[in-house]
Amino acid sequence: MKHWFLSQPRRDQLVLLLGLLCVLLSLLWFAVLGPLQGAVKLSDARLLTALNELAEVRQLVTVIRNQQQADTSASTDALLSSSLSTPTSAASLLDRSAAEFGLRLAAVEPVSGASDETTVRVREAPVGSVLQWLYDVESNGLRISQLSLTPTQNGAGQVDLAMRVRP
C-alpha cells in the first residue's frame, strides 16, 4: 500500500491525503462530536429544569419564612387549636388540604404516647405540590414538629414525605 502511494504523482498524493483527511474529519464528527453535542444539549435541558425547580423551592421557602415571621393573632390560634384538638379533625383537615393540591395521603396515624400529634405519609408526590401543601398546612394552624422529604427512585422531581403535626 505504501509502495503504491509513493509511486503516484505528487499531485495525486495530495488529493488522496486531502480525501483521507476529509473522511477522518467526517468520521470524527459523526462518531464522537455529534453524540457529545447531543449529550450537552440534554445536560443543558436537565440543568435548566433543576434551576427552575430550585427557584420555585427558594420562592416557596421565602413565602413560608415570611408567614412564620408574621405572628398570627392569639385568638385565631386558640380557635384553631380548640377545633383541631382531636386527631380526627386534624386528619380530615390534612386529607382535605392534600386533596386541594392533588396529593393522596398514604397514611395518617395518631402518635402513640402523644395525644395531640399525628404522623402523615405521602408517597411519590411532586415536590412543588408538597411544598405548597406544607405551607397550607401551617397556615391552617397545624404545626409541623418533624419533617422528612426523600427523593424517589424515578428522579422526576418526586418525593416521599413523612411528618408529624400537632395543633
# chains A, B, ... in the order shown; residues from 1 in each chain; ligands from 1
call {"tool": "residues_around", "arguments": {"residues": "Pro126 of chain A", "least_positions_apart": "3", "cutoff": "7 Å", "atoms": "only C-alpha atoms", "output": "PDB file with N, CA, C and O atoms, in the first residue's frame"}}
result
ATOM      1  N   SER A 129     -45.835  20.646  44.647  1.00  0.00           N
ATOM      2  CA  SER A 129     -47.133  20.476  45.302  1.00  0.00           C
ATOM      3  C   SER A 129     -46.961  20.196  46.788  1.00  0.00           C
ATOM      4  O   SER A 129     -47.724  20.702  47.618  1.00  0.00           O
ATOM      5  N   VAL A 130     -45.959  19.401  47.140  1.00  0.00           N
ATOM      6  CA  VAL A 130     -45.715  19.080  48.549  1.00  0.00           C
ATOM      7  C   VAL A 130     -45.355  20.345  49.325  1.00  0.00           C
ATOM      8  O   VAL A 130     -45.886  20.584  50.417  1.00  0.00           O
ATOM      9  N   GLY A 157     -38.452  14.727  40.046  1.00  0.00           N
ATOM     10  CA  GLY A 157     -38.983  15.774  40.895  1.00  0.00           C
ATOM     11  C   GLY A 157     -40.039  15.272  41.866  1.00  0.00           C
ATOM     12  O   GLY A 157     -40.868  16.038  42.325  1.00  0.00           O
ATOM     13  N   GLN A 158     -40.021  13.980  42.162  1.00  0.00           N
ATOM     14  CA  GLN A 158     -40.982  13.363  43.072  1.00  0.00           C
ATOM     15  C   GLN A 158     -40.298  13.076  44.400  1.00  0.00           C
ATOM     16  O   GLN A 158     -39.115  12.767  44.438  1.00  0.00           O
ATOM     17  N   VAL A 159     -41.057  13.189  45.496  1.00  0.00           N
ATOM     18  CA  VAL A 159     -40.521  12.933  46.820  1.00  0.00           C
ATOM     19  C   VAL A 159     -41.494  12.081  47.625  1.00  0.00           C
ATOM     20  O   VAL A 159     -42.686  12.027  47.342  1.00  0.00           O
TER      21      VAL A 159
END
call {"tool": "residues_around", "arguments": {"residues": "segment 61-69 of chain A", "least_positions_apart": "4", "cutoff": "8 Å", "atoms": "only C-alpha atoms", "output": "list in words"}}
result
Val57, Tyr135 and Ser139 of chain A
call {"tool": "write_last_selection", "arguments": {"atoms": "all heavy atoms", "output": "JSON list (two decimals), in the first residue's frame"}}
result
[["chain", "number", "residue", "atom", "x", "y", "z"],
["A", 57, "VAL", "N", -38.53, 26.35, 44.66],
["A", 57, "VAL", "CA", -38.35, 25.97, 46.06],
["A", 57, "VAL", "C", -37.90, 27.17, 46.88],
["A", 57, "VAL", "O", -38.41, 27.41, 47.98],
["A", 57, "VAL", "CB", -37.35, 24.80, 46.18],
["A", 57, "VAL", "CG1", -36.93, 24.58, 47.62],
["A", 57, "VAL", "CG2", -37.96, 23.52, 45.61],
["A", 135, "TYR", "N", -47.01, 24.55, 53.28],
["A", 135, "TYR", "CA", -47.32, 25.95, 53.62],
["A", 135, "TYR", "C", -48.79, 26.06, 54.03],
["A", 135, "TYR", "O", -49.12, 26.71, 55.01],
["A", 135, "TYR", "CB", -47.00, 26.86, 52.43],
["A", 135, "TYR", "CG", -47.47, 28.27, 52.62],
["A", 135, "TYR", "CD1", -46.80, 29.13, 53.48],
["A", 135, "TYR", "CD2", -48.60, 28.74, 51.96],
["A", 135, "TYR", "CE1", -47.25, 30.43, 53.67],
["A", 135, "TYR", "CE2", -49.04, 30.03, 52.14],
["A", 135, "TYR", "CZ", -48.37, 30.87, 53.00],
["A", 135, "TYR", "OH", -48.81, 32.15, 53.19],
["A", 139, "SER", "N", -50.38, 27.25, 57.57],
["A", 139, "SER", "CA", -51.23, 28.44, 57.59],
["A", 139, "SER", "C", -52.63, 28.11, 58.11],
["A", 139, "SER", "O", -53.37, 29.01, 58.50],
["A", 139, "SER", "CB", -51.29, 29.09, 56.21],
["A", 139, "SER", "OG", -51.92, 28.24, 55.29]]
call {"tool": "closest_residue", "arguments": {"among": "A:Val165, A:Cys22, A:Leu134, A:Ile144", "to": "Asp116 of chain A", "atoms": "only C-alpha atoms"}}
result
A:Val165
call {"tool": "residues_around", "arguments": {"residues": "segment 29-46 of chain A", "least_positions_apart": "6", "cutoff": "12 Å", "atoms": "only C-alpha atoms", "output": "ChimeraX atom specification"}}
result
/A:22-23,52-53,155-157
call {"tool": "write_last_selection", "arguments": {"atoms": "all heavy atoms", "output": "mmCIF file, in the first residue's frame"}}
result
data_model
loop_
_atom_site.group_PDB
_atom_site.id
_atom_site.type_symbol
_atom_site.label_atom_id
_atom_site.label_comp_id
_atom_site.auth_asym_id
_atom_site.auth_seq_id
_atom_site.Cartn_x
_atom_site.Cartn_y
_atom_site.Cartn_z
ATOM 1 N N CYS A 22 -10.526 14.417 4.899
ATOM 2 C CA CYS A 22 -11.968 14.678 4.921
ATOM 3 C C CYS A 22 -12.733 13.494 5.496
ATOM 4 O O CYS A 22 -13.659 13.663 6.298
ATOM 5 C CB CYS A 22 -12.474 14.995 3.511
ATOM 6 S SG CYS A 22 -11.956 16.610 2.913
ATOM 7 N N VAL A 23 -12.362 12.299 5.116
ATOM 8 C CA VAL A 23 -13.024 11.100 5.637
ATOM 9 C C VAL A 23 -12.804 10.992 7.146
ATOM 10 O O VAL A 23 -13.726 10.702 7.910
ATOM 11 C CB VAL A 23 -12.521 9.832 4.904
ATOM 12 C CG1 VAL A 23 -12.968 8.572 5.610
ATOM 13 C CG2 VAL A 23 -13.016 9.835 3.467
ATOM 14 N N ASN A 52 -34.955 25.728 37.486
ATOM 15 C CA ASN A 52 -36.327 26.199 37.637
ATOM 16 C C ASN A 52 -36.952 25.656 38.916
ATOM 17 O O ASN A 52 -37.638 26.384 39.639
ATOM 18 C CB ASN A 52 -37.177 25.809 36.422
ATOM 19 C CG ASN A 52 -36.845 26.637 35.205
ATOM 20 O OD1 ASN A 52 -36.305 27.729 35.308
ATOM 21 N ND2 ASN A 52 -37.158 26.109 34.036
ATOM 22 N N GLU A 53 -36.722 24.367 39.201
ATOM 23 C CA GLU A 53 -37.241 23.771 40.423
ATOM 24 C C GLU A 53 -36.604 24.420 41.652
ATOM 25 O O GLU A 53 -37.280 24.679 42.647
ATOM 26 C CB GLU A 53 -37.010 22.268 40.434
ATOM 27 C CG GLU A 53 -37.904 21.511 39.473
ATOM 28 C CD GLU A 53 -37.617 20.029 39.443
ATOM 29 O OE1 GLU A 53 -36.736 19.550 40.180
ATOM 30 O OE2 GLU A 53 -38.306 19.329 38.675
ATOM 31 N N GLY A 155 -36.561 9.924 40.153
ATOM 32 C CA GLY A 155 -35.806 11.151 39.945
ATOM 33 C C GLY A 155 -36.491 12.201 39.095
ATOM 34 O O GLY A 155 -35.861 13.045 38.516
ATOM 35 N N ALA A 156 -37.819 12.171 39.036
ATOM 36 C CA ALA A 156 -38.530 13.130 38.198
ATOM 37 C C ALA A 156 -39.164 14.227 39.038
ATOM 38 O O ALA A 156 -40.286 14.629 38.811
ATOM 39 C CB ALA A 156 -39.592 12.402 37.381
ATOM 40 N N GLY A 157 -38.452 14.727 40.046
ATOM 41 C CA GLY A 157 -38.983 15.774 40.895
ATOM 42 C C GLY A 157 -40.039 15.272 41.866
ATOM 43 O O GLY A 157 -40.868 16.038 42.325
#
call {"tool": "residues_around", "arguments": {"residues": "Phe101 of chain A", "least_positions_apart": "2", "cutoff": "8 Å", "atoms": "only C-alpha atoms", "output": "PyMOL selection string"}}
result
chain A and resi 97-99+103+129-130+132-133
call {"tool": "write_last_selection", "arguments": {"atoms": "N, CA and C atoms", "output": "JSON list (two decimals), in the first residue's frame"}}
result
[["chain", "number", "residue", "atom", "x", "y", "z"],
["A", 97, "SER", "N", -56.95, 19.23, 52.76],
["A", 97, "SER", "CA", -55.91, 20.13, 52.26],
["A", 97, "SER", "C", -55.03, 19.45, 51.21],
["A", 98, "ALA", "N", -54.68, 18.20, 51.46],
["A", 98, "ALA", "CA", -53.84, 17.45, 50.50],
["A", 98, "ALA", "C", -54.57, 17.28, 49.17],
["A", 99, "ALA", "N", -55.87, 17.02, 49.24],
["A", 99, "ALA", "CA", -56.65, 16.84, 48.01],
["A", 99, "ALA", "C", -56.67, 18.11, 47.18],
["A", 103, "LEU", "N", -52.64, 15.79, 46.13],
["A", 103, "LEU", "CA", -51.84, 14.80, 46.85],
["A", 103, "LEU", "C", -52.76, 13.77, 47.49],
["A", 129, "SER", "N", -45.83, 20.65, 44.65],
["A", 129, "SER", "CA", -47.13, 20.48, 45.30],
["A", 129, "SER", "C", -46.96, 20.20, 46.79],
["A", 130, "VAL", "N", -45.96, 19.40, 47.14],
["A", 130, "VAL", "CA", -45.71, 19.08, 48.55],
["A", 130, "VAL", "C", -45.36, 20.34, 49.33],
["A", 132, "GLN", "N", -46.07, 23.48, 48.61],
["A", 132, "GLN", "CA", -47.25, 24.34, 48.71],
["A", 132, "GLN", "C", -48.22, 23.79, 49.75],
["A", 133, "TRP", "N", -48.37, 22.48, 49.79],
["A", 133, "TRP", "CA", -49.26, 21.86, 50.77],
["A", 133, "TRP", "C", -48.74, 22.08, 52.19]]
call {"tool": "select_by_dssp", "arguments": {"residues": "segment 11-116 of chain A", "states": "helix (DSSP H, G or I)", "output": "compact mmCIF listing (two decimals) with N, CA, C and O atoms, in the first residue's frame"}}
result
# COMPACT_ATOMS: atom_id res chain seq x y z
N ARG A 11 0.85 15.34 -7.15
CA ARG A 11 -0.48 15.94 -7.15
C ARG A 11 -1.53 14.93 -6.69
O ARG A 11 -2.40 15.22 -5.87
N ASP A 12 -1.46 13.69 -7.15
CA ASP A 12 -2.40 12.64 -6.74
C ASP A 12 -2.22 12.29 -5.26
O ASP A 12 -3.20 11.99 -4.56
N GLN A 13 -0.99 12.34 -4.78
CA GLN A 13 -0.74 12.06 -3.37
C GLN A 13 -1.45 13.11 -2.49
O GLN A 13 -2.06 12.78 -1.48
N LEU A 14 -1.35 14.39 -2.92
CA LEU A 14 -2.01 15.45 -2.16
C LEU A 14 -3.53 15.29 -2.18
O LEU A 14 -4.20 15.47 -1.15
N VAL A 15 -4.09 14.93 -3.31
CA VAL A 15 -5.54 14.73 -3.42
C VAL A 15 -5.96 13.56 -2.52
O VAL A 15 -6.98 13.64 -1.81
N LEU A 16 -5.21 12.48 -2.54
CA LEU A 16 -5.52 11.33 -1.69
C LEU A 16 -5.41 11.69 -0.20
O LEU A 16 -6.25 11.29 0.61
N LEU A 17 -4.40 12.44 0.17
CA LEU A 17 -4.25 12.86 1.57
C LEU A 17 -5.39 13.78 2.00
O LEU A 17 -5.92 13.66 3.13
N LEU A 18 -5.79 14.70 1.13
CA LEU A 18 -6.92 15.58 1.45
C LEU A 18 -8.22 14.78 1.56
O LEU A 18 -9.04 15.03 2.46
N GLY A 19 -8.40 13.82 0.68
CA GLY A 19 -9.59 12.95 0.76
C GLY A 19 -9.61 12.15 2.05
O GLY A 19 -10.64 12.02 2.72
N LEU A 20 -8.46 11.60 2.43
CA LEU A 20 -8.35 10.84 3.67
C LEU A 20 -8.62 11.74 4.87
O LEU A 20 -9.31 11.34 5.82
N LEU A 21 -8.10 12.96 4.83
CA LEU A 21 -8.34 13.91 5.91
C LEU A 21 -9.83 14.22 6.02
O LEU A 21 -10.38 14.27 7.14
N CYS A 22 -10.53 14.42 4.90
CA CYS A 22 -11.97 14.68 4.92
C CYS A 22 -12.73 13.49 5.50
O CYS A 22 -13.66 13.66 6.30
N VAL A 23 -12.36 12.30 5.12
CA VAL A 23 -13.02 11.10 5.64
C VAL A 23 -12.80 10.99 7.15
O VAL A 23 -13.73 10.70 7.91
N LEU A 24 -11.58 11.23 7.61
CA LEU A 24 -11.28 11.14 9.04
C LEU A 24 -12.03 12.21 9.83
O LEU A 24 -12.54 11.94 10.93
N LEU A 25 -12.09 13.44 9.31
CA LEU A 25 -12.83 14.50 9.99
C LEU A 25 -14.32 14.20 10.05
O LEU A 25 -14.97 14.44 11.07
N SER A 26 -14.86 13.67 8.96
CA SER A 26 -16.28 13.28 8.96
C SER A 26 -16.55 12.18 9.97
O SER A 26 -17.53 12.22 10.71
N LEU A 27 -15.68 11.20 10.02
CA LEU A 27 -15.81 10.10 10.97
C LEU A 27 -15.72 10.63 12.40
O LEU A 27 -16.50 10.24 13.27
N LEU A 28 -14.80 11.54 12.65
CA LEU A 28 -14.66 12.14 13.97
C LEU A 28 -15.94 12.89 14.35
O LEU A 28 -16.43 12.78 15.47
N TRP A 29 -16.50 13.65 13.41
CA TRP A 29 -17.71 14.41 13.69
C TRP A 29 -18.89 13.49 14.01
O TRP A 29 -19.57 13.66 15.02
N PHE A 30 -19.14 12.51 13.14
CA PHE A 30 -20.32 11.66 13.31
C PHE A 30 -20.17 10.63 14.43
O PHE A 30 -21.15 10.25 15.05
N ALA A 31 -18.98 10.20 14.71
CA ALA A 31 -18.78 9.16 15.73
C ALA A 31 -18.53 9.73 17.12
O ALA A 31 -18.84 9.09 18.11
N VAL A 32 -17.95 10.95 17.21
CA VAL A 32 -17.57 11.47 18.52
C VAL A 32 -18.27 12.79 18.83
O VAL A 32 -18.98 12.91 19.83
N LEU A 33 -18.05 13.79 18.01
CA LEU A 33 -18.51 15.13 18.33
C LEU A 33 -20.03 15.28 18.24
O LEU A 33 -20.63 15.98 19.07
N GLY A 34 -20.67 14.65 17.30
CA GLY A 34 -22.13 14.72 17.17
C GLY A 34 -22.84 14.17 18.41
O GLY A 34 -23.69 14.85 18.99
N PRO A 35 -22.51 12.94 18.84
CA PRO A 35 -23.14 12.42 20.06
C PRO A 35 -22.82 13.26 21.30
O PRO A 35 -23.67 13.44 22.17
N LEU A 36 -21.61 13.80 21.38
CA LEU A 36 -21.27 14.65 22.52
C LEU A 36 -22.11 15.92 22.53
O LEU A 36 -22.55 16.38 23.58
N GLN A 37 -22.35 16.48 21.36
CA GLN A 37 -23.17 17.67 21.27
C GLN A 37 -24.61 17.38 21.73
O GLN A 37 -25.22 18.18 22.44
N GLY A 38 -25.13 16.22 21.36
CA GLY A 38 -26.46 15.82 21.82
C GLY A 38 -26.50 15.64 23.33
O GLY A 38 -27.47 16.04 23.99
N ALA A 39 -25.45 15.07 23.89
CA ALA A 39 -25.39 14.89 25.34
C ALA A 39 -25.32 16.24 26.06
O ALA A 39 -25.92 16.41 27.12
N VAL A 40 -24.61 17.18 25.48
CA VAL A 40 -24.51 18.51 26.08
C VAL A 40 -25.89 19.20 26.06
O VAL A 40 -26.29 19.82 27.05
N LYS A 41 -26.63 19.08 24.97
CA LYS A 41 -27.96 19.67 24.89
C LYS A 41 -28.89 19.05 25.94
O LYS A 41 -29.65 19.75 26.60
N LEU A 42 -28.83 17.73 26.09
CA LEU A 42 -29.65 17.04 27.09
C LEU A 42 -29.26 17.49 28.49
O LEU A 42 -30.12 17.75 29.33
N SER A 43 -27.97 17.62 28.74
CA SER A 43 -27.50 18.07 30.04
C SER A 43 -27.95 19.50 30.32
O SER A 43 -28.35 19.83 31.45
N ASP A 44 -27.91 20.36 29.32
CA ASP A 44 -28.38 21.74 29.49
C ASP A 44 -29.87 21.77 29.83
O ASP A 44 -30.30 22.56 30.67
N ALA A 45 -30.65 20.92 29.17
CA ALA A 45 -32.09 20.88 29.45
C ALA A 45 -32.34 20.41 30.88
O ALA A 45 -33.19 20.97 31.59
N ARG A 46 -31.60 19.41 31.34
CA ARG A 46 -31.75 18.93 32.72
C ARG A 46 -31.34 20.01 33.72
O ARG A 46 -31.98 20.19 34.75
N LEU A 47 -30.27 20.71 33.41
CA LEU A 47 -29.81 21.78 34.29
C LEU A 47 -30.85 22.88 34.38
O LEU A 47 -31.14 23.39 35.47
N LEU A 48 -31.44 23.26 33.27
CA LEU A 48 -32.46 24.29 33.25
C LEU A 48 -33.67 23.86 34.08
O LEU A 48 -34.21 24.66 34.87
N THR A 49 -34.08 22.61 33.96
CA THR A 49 -35.19 22.09 34.76
C THR A 49 -34.85 22.15 36.24
O THR A 49 -35.67 22.58 37.06
N ALA A 50 -33.66 21.73 36.60
CA ALA A 50 -33.24 21.75 38.00
C ALA A 50 -33.17 23.18 38.54
O ALA A 50 -33.58 23.44 39.67
N LEU A 51 -32.69 24.11 37.74
CA LEU A 51 -32.63 25.51 38.17
C LEU A 51 -34.03 26.10 38.36
O LEU A 51 -34.26 26.86 39.30
N ASN A 52 -34.96 25.73 37.49
CA ASN A 52 -36.33 26.20 37.64
C ASN A 52 -36.95 25.66 38.92
O ASN A 52 -37.64 26.38 39.64
N GLU A 53 -36.72 24.37 39.20
CA GLU A 53 -37.24 23.77 40.42
C GLU A 53 -36.60 24.42 41.65
O GLU A 53 -37.28 24.68 42.65
N LEU A 54 -35.32 24.70 41.58
CA LEU A 54 -34.63 25.35 42.70
C LEU A 54 -35.20 26.75 42.94
O LEU A 54 -35.43 27.15 44.09
N ALA A 55 -35.46 27.49 41.88
CA ALA A 55 -36.03 28.83 42.03
C ALA A 55 -37.42 28.75 42.65
O ALA A 55 -37.77 29.56 43.52
N GLU A 56 -38.19 27.75 42.24
CA GLU A 56 -39.53 27.57 42.81
C GLU A 56 -39.45 27.23 44.29
O GLU A 56 -40.19 27.78 45.11
N VAL A 57 -38.53 26.35 44.66
CA VAL A 57 -38.35 25.97 46.06
C VAL A 57 -37.90 27.17 46.88
O VAL A 57 -38.41 27.41 47.98
N ARG A 58 -36.97 27.94 46.36
CA ARG A 58 -36.50 29.13 47.08
C ARG A 58 -37.63 30.13 47.28
O ARG A 58 -37.75 30.76 48.34
N GLN A 59 -38.46 30.29 46.28
CA GLN A 59 -39.59 31.21 46.39
C GLN A 59 -40.55 30.71 47.46
O GLN A 59 -41.03 31.49 48.29
N LEU A 60 -40.83 29.41 47.48
CA LEU A 60 -41.73 28.86 48.48
C LEU A 60 -41.13 28.96 49.88
O LEU A 60 -41.84 29.22 50.85
N VAL A 61 -39.82 28.77 50.00
CA VAL A 61 -39.15 28.91 51.30
C VAL A 61 -39.30 30.35 51.79
O VAL A 61 -39.57 30.57 52.97
N THR A 62 -39.13 31.30 50.92
CA THR A 62 -39.29 32.71 51.30
C THR A 62 -40.71 32.99 51.78
O THR A 62 -40.91 33.65 52.80
N VAL A 63 -41.69 32.45 51.06
CA VAL A 63 -43.08 32.65 51.46
C VAL A 63 -43.32 32.01 52.83
O VAL A 63 -43.96 32.62 53.69
N ILE A 64 -42.81 30.81 53.03
CA ILE A 64 -43.01 30.11 54.31
C ILE A 64 -42.33 30.88 55.43
O ILE A 64 -42.90 31.07 56.51
N ARG A 65 -41.11 31.35 55.22
CA ARG A 65 -40.41 32.11 56.26
C ARG A 65 -41.14 33.40 56.59
O ARG A 65 -41.25 33.78 57.75
N ASN A 66 -41.62 34.09 55.56
CA ASN A 66 -42.37 35.32 55.81
C ASN A 66 -43.64 35.03 56.60
O ASN A 66 -44.00 35.80 57.49
N GLN A 67 -44.29 33.93 56.29
CA GLN A 67 -45.50 33.56 57.01
C GLN A 67 -45.20 33.22 58.45
O GLN A 67 -45.94 33.58 59.35
N GLN A 68 -44.09 32.52 58.69
CA GLN A 68 -43.73 32.16 60.05
C GLN A 68 -43.35 33.39 60.86
O GLN A 68 -43.61 33.44 62.06
N GLN A 69 -42.76 34.39 60.24
CA GLN A 69 -42.36 35.60 60.94
C GLN A 69 -43.56 36.45 61.30
O GLN A 69 -43.55 37.15 62.31
N ALA A 74 -53.57 35.72 68.53
CA ALA A 74 -53.74 34.70 69.58
C ALA A 74 -55.13 34.11 69.54
O ALA A 74 -55.31 32.92 69.78
N SER A 75 -56.11 34.91 69.21
CA SER A 75 -57.48 34.37 69.18
C SER A 75 -57.66 33.36 68.05
O SER A 75 -58.35 32.35 68.23
N THR A 76 -57.05 33.61 66.90
CA THR A 76 -57.13 32.66 65.80
C THR A 76 -56.45 31.36 66.16
O THR A 76 -56.98 30.29 65.91
N ASP A 77 -55.26 31.43 66.78
CA ASP A 77 -54.55 30.22 67.21
C ASP A 77 -55.37 29.44 68.23
O ASP A 77 -55.44 28.22 68.17
N ALA A 78 -55.98 30.15 69.18
CA ALA A 78 -56.77 29.47 70.20
C ALA A 78 -57.98 28.79 69.57
O ALA A 78 -58.31 27.66 69.91
N LEU A 79 -58.62 29.48 68.64
CA LEU A 79 -59.78 28.90 67.97
C LEU A 79 -59.39 27.67 67.17
O LEU A 79 -60.04 26.63 67.24
N LEU A 80 -58.32 27.77 66.40
CA LEU A 80 -57.87 26.63 65.60
C LEU A 80 -57.41 25.48 66.48
O LEU A 80 -57.66 24.33 66.20
N SER A 81 -56.73 25.76 67.58
CA SER A 81 -56.28 24.70 68.46
C SER A 81 -57.44 23.96 69.08
O SER A 81 -57.41 22.75 69.20
N SER A 82 -58.44 24.69 69.50
CA SER A 82 -59.56 24.02 70.13
C SER A 82 -60.35 23.21 69.10
O SER A 82 -60.83 22.13 69.41
N SER A 83 -60.47 23.70 67.88
CA SER A 83 -61.23 22.96 66.88
C SER A 83 -60.44 21.79 66.30
O SER A 83 -61.01 20.89 65.72
N PRO A 87 -57.55 14.05 66.97
CA PRO A 87 -56.83 13.56 65.80
C PRO A 87 -57.71 13.46 64.57
O PRO A 87 -57.25 13.63 63.47
N THR A 88 -59.00 13.17 64.76
CA THR A 88 -59.90 13.02 63.62
C THR A 88 -60.03 14.33 62.86
O THR A 88 -59.97 14.35 61.64
N SER A 89 -60.22 15.44 63.57
CA SER A 89 -60.37 16.71 62.87
C SER A 89 -59.06 17.13 62.20
O SER A 89 -59.09 17.69 61.12
N ALA A 90 -57.92 16.84 62.83
CA ALA A 90 -56.64 17.14 62.19
C ALA A 90 -56.47 16.28 60.95
O ALA A 90 -56.03 16.75 59.90
N ALA A 91 -56.86 15.00 61.04
CA ALA A 91 -56.74 14.10 59.89
C ALA A 91 -57.63 14.56 58.75
O ALA A 91 -57.23 14.54 57.59
N SER A 92 -58.85 14.98 59.07
CA SER A 92 -59.75 15.42 57.99
C SER A 92 -59.24 16.72 57.36
O SER A 92 -59.33 16.89 56.15
N LEU A 93 -58.69 17.62 58.18
CA LEU A 93 -58.11 18.84 57.64
C LEU A 93 -56.93 18.52 56.72
O LEU A 93 -56.82 19.06 55.63
N LEU A 94 -56.07 17.60 57.16
CA LEU A 94 -54.92 17.22 56.35
C LEU A 94 -55.36 16.57 55.04
O LEU A 94 -54.82 16.87 53.97
N ASP A 95 -56.35 15.69 55.12
CA ASP A 95 -56.82 14.99 53.92
C ASP A 95 -57.45 15.98 52.93
O ASP A 95 -57.17 15.94 51.74
N ARG A 96 -58.28 16.87 53.43
CA ARG A 96 -58.94 17.86 52.58
C ARG A 96 -57.91 18.79 51.95
O ARG A 96 -57.94 19.09 50.76
N SER A 97 -56.95 19.23 52.76
CA SER A 97 -55.91 20.13 52.26
C SER A 97 -55.03 19.45 51.21
O SER A 97 -54.69 20.05 50.19
N ALA A 98 -54.68 18.20 51.46
CA ALA A 98 -53.84 17.45 50.50
C ALA A 98 -54.57 17.28 49.17
O ALA A 98 -53.97 17.40 48.10
N ALA A 99 -55.87 17.02 49.24
CA ALA A 99 -56.65 16.84 48.01
C ALA A 99 -56.67 18.11 47.18
O ALA A 99 -56.66 18.06 45.94
N GLU A 100 -56.67 19.27 47.83
CA GLU A 100 -56.64 20.55 47.10
C GLU A 100 -55.39 20.69 46.25
O GLU A 100 -55.39 21.36 45.23
call {"tool": "select_by_dssp", "arguments": {"residues": "segment 43-144 of chain A", "states": "strand (DSSP E)", "output": "short mmCIF file (atom, residue, chain, number, x, y, z; two decimals) with N, CA and C atoms, in the first residue's frame"}}
result
data_model
loop_
_atom_site.label_atom_id
_atom_site.label_comp_id
_atom_site.auth_asym_id
_atom_site.auth_seq_id
_atom_site.Cartn_x
_atom_site.Cartn_y
_atom_site.Cartn_z
N LEU A 105 -52.83 11.08 50.64
CA LEU A 105 -52.14 10.67 51.86
C LEU A 105 -52.05 9.15 51.91
N ALA A 106 -50.83 8.65 52.09
CA ALA A 106 -50.63 7.20 52.18
C ALA A 106 -50.99 6.69 53.57
N ALA A 107 -50.76 7.50 54.60
CA ALA A 107 -51.08 7.10 55.97
C ALA A 107 -51.26 8.34 56.84
N VAL A 108 -52.24 8.26 57.72
CA VAL A 108 -52.47 9.29 58.75
C VAL A 108 -52.75 8.52 60.04
N GLU A 109 -51.81 8.60 60.98
CA GLU A 109 -51.92 7.81 62.20
C GLU A 109 -51.60 8.68 63.40
N PRO A 110 -52.39 8.53 64.50
CA PRO A 110 -52.02 9.23 65.73
C PRO A 110 -50.75 8.64 66.32
N THR A 118 -49.91 13.73 65.17
CA THR A 118 -50.36 12.81 64.11
C THR A 118 -49.21 12.62 63.13
N THR A 119 -48.98 11.37 62.71
CA THR A 119 -47.96 11.06 61.70
C THR A 119 -48.65 10.99 60.34
N VAL A 120 -48.04 11.63 59.35
CA VAL A 120 -48.60 11.68 58.00
C VAL A 120 -47.53 11.22 57.02
N ARG A 121 -47.94 10.39 56.04
CA ARG A 121 -47.03 9.93 54.99
C ARG A 121 -47.67 10.18 53.62
N VAL A 122 -46.84 10.65 52.70
CA VAL A 122 -47.25 10.85 51.31
C VAL A 122 -46.18 10.19 50.45
N ARG A 123 -46.58 9.42 49.46
CA ARG A 123 -45.65 8.70 48.58
C ARG A 123 -45.66 9.29 47.18
N GLU A 124 -44.48 9.43 46.59
CA GLU A 124 -44.27 9.82 45.19
C GLU A 124 -45.15 11.00 44.77
N ALA A 125 -44.88 12.13 45.37
CA ALA A 125 -45.63 13.35 45.07
C ALA A 125 -44.69 14.40 44.49
N PRO A 126 -45.19 15.28 43.61
CA PRO A 126 -44.34 16.34 43.06
C PRO A 126 -43.87 17.29 44.16
N ARG A 143 -48.99 22.68 63.31
CA ARG A 143 -47.54 22.90 63.41
C ARG A 143 -46.83 21.60 63.07
N ILE A 144 -45.83 21.69 62.23
CA ILE A 144 -45.04 20.53 61.83
C ILE A 144 -43.89 20.39 62.82
#
call {"tool": "atom_distance", "arguments": {"atom1": "atom CA of Thr150 of chain A", "atom2": "atom CA of Arg166 of chain A"}}
result
21.5 Å
call {"tool": "decode", "arguments": {"residues": "segment 24-29 of chain A", "atoms": "N, CA, C and O atoms", "output": "PDB file, in the first residue's frame"}}
result
ATOM      1  N   LEU A  24     -11.579  11.226   7.613  1.00  0.00           N
ATOM      2  CA  LEU A  24     -11.281  11.138   9.044  1.00  0.00           C
ATOM      3  C   LEU A  24     -12.028  12.212   9.833  1.00  0.00           C
ATOM      4  O   LEU A  24     -12.542  11.944  10.931  1.00  0.00           O
ATOM      5  N   LEU A  25     -12.093  13.437   9.306  1.00  0.00           N
ATOM      6  CA  LEU A  25     -12.830  14.503   9.986  1.00  0.00           C
ATOM      7  C   LEU A  25     -14.324  14.197  10.046  1.00  0.00           C
ATOM      8  O   LEU A  25     -14.975  14.439  11.074  1.00  0.00           O
ATOM      9  N   SER A  26     -14.865  13.665   8.958  1.00  0.00           N
ATOM     10  CA  SER A  26     -16.281  13.281   8.958  1.00  0.00           C
ATOM     11  C   SER A  26     -16.546  12.183   9.972  1.00  0.00           C
ATOM     12  O   SER A  26     -17.534  12.220  10.713  1.00  0.00           O
ATOM     13  N   LEU A  27     -15.679  11.201  10.016  1.00  0.00           N
ATOM     14  CA  LEU A  27     -15.806  10.102  10.973  1.00  0.00           C
ATOM     15  C   LEU A  27     -15.721  10.633  12.404  1.00  0.00           C
ATOM     16  O   LEU A  27     -16.501  10.241  13.273  1.00  0.00           O
ATOM     17  N   LEU A  28     -14.800  11.537  12.650  1.00  0.00           N
ATOM     18  CA  LEU A  28     -14.665  12.142  13.974  1.00  0.00           C
ATOM     19  C   LEU A  28     -15.943  12.892  14.349  1.00  0.00           C
ATOM     20  O   LEU A  28     -16.427  12.781  15.472  1.00  0.00           O
ATOM     21  N   TRP A  29     -16.499  13.647  13.408  1.00  0.00           N
ATOM     22  CA  TRP A  29     -17.708  14.411  13.690  1.00  0.00           C
ATOM     23  C   TRP A  29     -18.892  13.490  14.012  1.00  0.00           C
ATOM     24  O   TRP A  29     -19.570  13.658  15.019  1.00  0.00           O
TER      25      TRP A  29
END
